[in-house]
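Text of the file coords-v4.txt, holding compact mmCIF, C-alpha atoms:
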```
# COMPACT_ATOMS: atom_id res chain seq x y z
CA MET A 1 0.00 0.00 0.00
CA SER A 2 1.28 3.23 -0.96
CA THR A 3 0.42 6.55 0.45
CA PRO A 4 -1.96 8.64 -1.56
CA GLU A 5 -0.62 11.64 -3.35
CA LEU A 6 -1.59 14.90 -1.86
CA PRO A 7 -2.13 18.04 -3.84
CA PRO A 8 0.63 20.61 -3.57
CA LYS A 9 0.45 23.21 -0.84
CA PRO A 10 -0.55 26.65 -1.91
CA VAL A 11 2.29 29.13 -2.03
CA THR A 12 1.81 32.00 0.38
CA ASP A 13 3.49 35.27 0.03
CA LYS A 14 5.05 36.24 3.32
CA SER A 15 4.46 39.86 2.54
CA GLU A 16 0.75 39.14 2.67
CA THR A 17 -0.19 39.21 6.31
CA LYS A 18 -3.56 39.06 7.78
CA GLN A 19 -5.24 42.40 7.22
CA VAL A 20 -7.29 43.81 10.08
CA GLN A 21 -10.11 46.13 9.21
CA VAL A 22 -9.83 49.26 11.34
CA ASP A 23 -12.49 51.89 11.18
CA LEU A 24 -10.99 55.32 11.16
CA PRO A 25 -12.77 58.40 12.37
CA ALA A 26 -14.45 60.79 10.01
CA ASN A 27 -11.60 63.33 10.02
CA SER A 28 -8.87 60.85 9.09
CA HIS A 29 -8.56 62.35 5.56
CA LEU A 30 -6.66 65.21 7.16
CA LEU A 31 -3.73 62.87 7.85
CA SER A 32 -1.10 61.80 5.35
CA VAL A 33 -0.71 58.17 4.30
CA GLU A 34 2.48 57.87 6.29
CA GLU A 35 0.75 59.16 9.41
CA LEU A 36 -2.12 56.73 8.89
CA LYS A 37 0.28 53.77 8.54
CA GLU A 38 2.06 54.89 11.68
CA ILE A 39 -1.22 55.19 13.58
CA ILE A 40 -2.45 51.79 12.43
CA GLN A 41 0.78 50.12 13.56
CA ALA A 42 0.71 51.82 16.92
CA ARG A 43 -2.71 51.08 18.37
CA ASP A 44 -2.30 53.35 21.38
CA LYS A 45 -1.68 56.27 19.05
CA LEU A 46 -4.81 55.29 17.13
CA GLN A 47 -6.79 55.29 20.35
CA ALA A 48 -5.43 58.73 21.28
CA TYR A 49 -6.30 59.99 17.81
CA VAL A 50 -9.83 58.61 17.98
CA ASN A 51 -10.31 60.10 21.45
CA ARG A 52 -9.11 63.46 20.22
CA PHE A 53 -11.66 63.63 17.45
CA CYS A 54 -14.58 61.89 19.14
CA LYS A 55 -17.08 64.06 20.92
CA ASN A 56 -16.48 63.46 24.61
CA ASP A 57 -18.69 66.36 25.64
CA GLU A 58 -21.72 64.11 26.05
CA VAL A 59 -19.73 61.63 28.12
CA LYS A 60 -18.33 64.46 30.23
CA LYS A 61 -21.82 65.86 30.78
CA GLN A 62 -23.10 62.43 31.75
CA VAL A 63 -20.17 61.90 34.14
CA GLY A 64 -20.84 65.34 35.64
CA SER A 65 -24.52 64.52 36.15
CA TYR A 66 -23.55 61.20 37.74
CA LYS A 67 -21.18 63.01 40.09
CA THR A 68 -23.97 65.41 41.04
CA VAL A 69 -26.36 62.53 41.68
CA LEU A 70 -23.68 60.74 43.68
CA SER A 71 -22.97 63.80 45.85
CA ASN A 72 -26.73 64.22 46.42
CA LEU A 73 -26.95 60.59 47.45
CA LYS A 74 -24.04 61.07 49.86
CA GLU A 75 -25.83 64.02 51.46
CA ASP A 76 -29.06 62.02 51.64
CA PHE A 77 -27.20 59.16 53.32
CA ARG A 78 -25.64 61.56 55.84
CA TYR A 79 -29.08 63.00 56.56
CA LEU A 80 -30.54 59.49 56.92
CA GLU A 81 -27.67 58.54 59.23
CA ASP A 82 -28.44 61.56 61.42
CA GLN A 83 -32.12 60.65 61.35
CA LYS A 84 -31.22 57.09 62.33
CA PHE A 85 -29.25 58.28 65.36
CA GLU A 86 -32.05 60.64 66.38
CA LEU A 87 -34.59 57.86 66.01
CA GLN A 88 -32.38 55.54 68.05
CA ASP A 89 -32.19 58.16 70.81
CA ASN A 90 -35.98 58.55 70.74
CA LEU A 91 -36.41 54.78 70.86
CA ASP A 92 -34.06 54.55 73.85
CA ALA A 93 -36.00 57.31 75.62
CA TYR A 94 -39.23 55.44 74.87
CA HIS A 95 -37.84 52.23 76.36
CA ARG A 96 -36.73 54.10 79.50
CA LEU A 97 -40.20 55.62 79.85
CA GLU A 98 -41.79 52.24 79.32
CA CYS A 99 -39.64 50.74 82.09
CA GLN A 100 -40.55 53.60 84.43
CA TYR A 101 -44.23 53.10 83.57
CA ARG A 102 -44.01 49.39 84.34
CA GLU A 103 -42.29 50.06 87.66
CA LYS A 104 -44.92 52.61 88.69
CA LEU A 105 -47.71 50.31 87.54
CA GLN A 106 -46.30 47.53 89.71
CA LEU A 107 -46.05 49.90 92.69
CA LEU A 108 -49.64 51.03 92.11
CA ASP A 109 -50.82 47.44 91.78
CA MET A 110 -49.06 46.51 95.01
CA ALA A 111 -50.57 49.54 96.79
CA ILE A 112 -54.06 48.66 95.55
CA ASN A 113 -53.63 45.02 96.51
CA ASP A 114 -52.33 46.02 99.93
CA SER A 115 -55.22 48.44 100.47
CA TYR A 116 -58.07 46.46 98.99
CA ASN A 117 -57.35 42.77 99.43
CA ASP A 118 -59.82 40.69 101.44
CA PRO A 119 -57.94 40.55 104.77
CA THR A 120 -57.27 44.31 104.74
CA LEU A 121 -60.86 45.17 103.85
CA LYS A 122 -62.18 42.81 106.56
CA HIS A 123 -59.84 44.40 109.08
CA LYS A 124 -61.10 47.91 108.12
CA PHE A 125 -64.69 46.70 108.30
CA LYS A 126 -64.12 45.17 111.74
CA SER A 127 -62.48 48.43 112.88
CA GLN A 128 -65.55 50.38 111.75
CA ILE A 129 -67.86 47.97 113.60
CA ARG A 130 -65.73 48.26 116.74
CA GLU A 131 -65.75 52.05 116.45
CA LEU A 132 -69.57 52.13 116.10
CA ASP A 133 -69.93 49.84 119.13
CA GLU A 134 -67.56 51.99 121.20
CA LYS A 135 -69.41 55.19 120.23
CA SER A 136 -72.81 53.70 121.17
CA ARG A 137 -71.45 52.37 124.51
CA ALA A 138 -69.89 55.76 125.24
CA MET A 139 -73.30 57.38 124.57
CA GLU A 140 -74.94 54.92 126.97
CA ALA A 141 -72.39 55.82 129.66
CA ARG A 142 -73.05 59.56 129.44
CA LEU A 143 -76.78 59.31 129.19
CA ASP A 144 -78.30 62.74 129.81
CA ALA A 145 -81.97 63.32 130.24
CA THR A 146 -81.69 66.79 128.80
CA ASP A 147 -82.11 65.95 125.12
CA VAL A 148 -83.59 62.49 124.95
CA ASP A 149 -84.86 62.78 121.37
CA ALA A 150 -81.41 63.68 119.98
CA PHE A 151 -79.84 60.94 122.07
CA ILE A 152 -82.30 58.29 120.85
CA SER A 153 -81.95 59.39 117.23
CA GLU A 154 -78.12 59.27 117.29
CA TYR A 155 -78.02 56.06 119.34
CA ILE A 156 -80.45 54.28 117.00
CA SER A 157 -78.39 55.42 114.00
CA LEU A 158 -75.14 54.10 115.55
CA ARG A 159 -76.65 50.76 116.60
CA THR A 160 -78.41 50.32 113.23
CA ASN A 161 -75.11 50.86 111.42
CA TYR A 162 -73.35 48.57 113.89
CA HIS A 163 -75.83 45.71 113.26
CA LEU A 164 -75.87 46.38 109.49
CA TYR A 165 -72.05 46.24 109.25
CA SER A 166 -71.96 43.17 111.52
CA GLU A 167 -74.46 41.40 109.24
CA LYS A 168 -72.45 42.36 106.14
CA LEU A 169 -69.27 41.01 107.74
CA ASN A 170 -71.01 37.75 108.69
CA THR A 171 -72.37 37.40 105.13
CA TRP A 172 -68.93 38.12 103.74
CA ASP A 173 -67.35 35.50 106.00
CA SER A 174 -69.96 32.91 105.05
CA GLN A 175 -69.65 33.55 101.26
CA GLY A 176 -65.88 33.57 101.13
CA ALA A 177 -63.55 35.84 99.20
CA LEU A 178 -64.90 38.75 97.17
CA ILE A 179 -62.49 38.18 94.31
CA ASN A 180 -61.83 34.71 92.96
CA ASP A 181 -58.17 34.34 92.09
CA GLY A 182 -57.86 32.05 89.13
```
File written out as structure tokens:
Amino acid sequence: MSTPELPPKPVTDKSETKQVQVDLPANSHLLSVEELKEIIQARDKLQAYVNRFCKNDEVKKQVGSYKTVLSNLKEDFRYLEDQKFELQDNLDAYHRLECQYREKLQLLDMAINDSYNDPTLKHKFKSQIRELDEKSRAMEARLDATDVDAFISEYISLRTNYHLYSEKLNTWDSQGALINDG
């Protein structure tokens, strides 16, 4: 088996290199051919040339407007930061007031419970009954015949209240606590 014959390779001219299409700006006709060749070979010079003739005014205006927007945003953020600190201070003050309120509410609740719980109220009621009984007994001891009608009226009022309060206390004792806990 022999190897197949291949067609001859095409002859390439080394002077022919790969050509790159480069778009030149509109004002490139002002340059000489030598200057154009030089610019094409040196890409950074081409870029500088294109930048020189391109209209950067729009880009500069846009960059300026972006800088303005950015500085406005910075000011807004500073303002918001100040607002945040002020709000934090207000929130802290609110929490302090809430704690003070809770403390005072607990003190008030304890004072109410101490003043109006069943044993305290019964003790006050018993004290009132004892006071009415002592007043009526004191009236009996200093019985004067001078103003009998006033004496009888006041004595009956004291004894009526005494028996009324005694009956209420007995009813209270028989029914149990006024407030059911639970």
Length of the CA of Tyr116 (chain A) to CA of Cys99 (chain A) vector [Å]: 25.4 Å
Residue among A:Met139, A:Ser65, A:Asn170, A:Glu58 lying closest to Ile152 (chain A), counting only C-alpha atoms: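 Looking only at the distances to Ile152 (chain A), the closest residue turns out to be A:Met139.
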Answer as a ChimeraX atom specification, residues within 7 Å of (-69.7, 45.8, 111.3) using all atoms listed in the file: /A:125-126,128-129,162-169
Point-to-point distance from CA of Asn113 (chain A) to CA of Asp133 (chain A), Å rounded to tenths: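 So the two atoms, CA of Asn113 (chain A) and CA of Asp133 (chain A), lie 28.3 Å apart.
Candidate residues A:Asn90, A:Val63, A:Pro8, A:Trp172 were compared for distance to Pro119 (chain A), and the nearest is A:Trp172, using all atoms listed in the file.
Take CA of Glu131 (chain A) and CA of Gly176 (chain A): the distance between them is 24.0 Å.
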All residues 12 Å or closer to Glu140 (chain A), only C-alpha atoms, same chain fewer than 5 positions away omitted, as a PDB file with C-alpha atoms, keeping the file's coordinate frame:
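Below is the file part25.pdb, written as the result:
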```
ATOM      1  CA  ASP A 133     -69.930  49.840 119.130  1.00  0.00           C
ATOM      2  CA  GLU A 134     -67.560  51.990 121.200  1.00  0.00           C
ATOM      3  CA  LYS A 135     -69.410  55.190 120.230  1.00  0.00           C
ATOM      4  CA  ALA A 145     -81.970  63.320 130.240  1.00  0.00           C
ATOM      5  CA  VAL A 148     -83.590  62.490 124.950  1.00  0.00           C
ATOM      6  CA  PHE A 151     -79.840  60.940 122.070  1.00  0.00           C
ATOM      7  CA  ILE A 152     -82.300  58.290 120.850  1.00  0.00           C
ATOM      8  CA  GLU A 154     -78.120  59.270 117.290  1.00  0.00           C
ATOM      9  CA  TYR A 155     -78.020  56.060 119.340  1.00  0.00           C
ATOM     10  CA  ILE A 156     -80.450  54.280 117.000  1.00  0.00           C
ATOM     11  CA  LEU A 158     -75.140  54.100 115.550  1.00  0.00           C
ATOM     12  CA  ARG A 159     -76.650  50.760 116.600  1.00  0.00           C
TER      13      ARG A 159
END
```
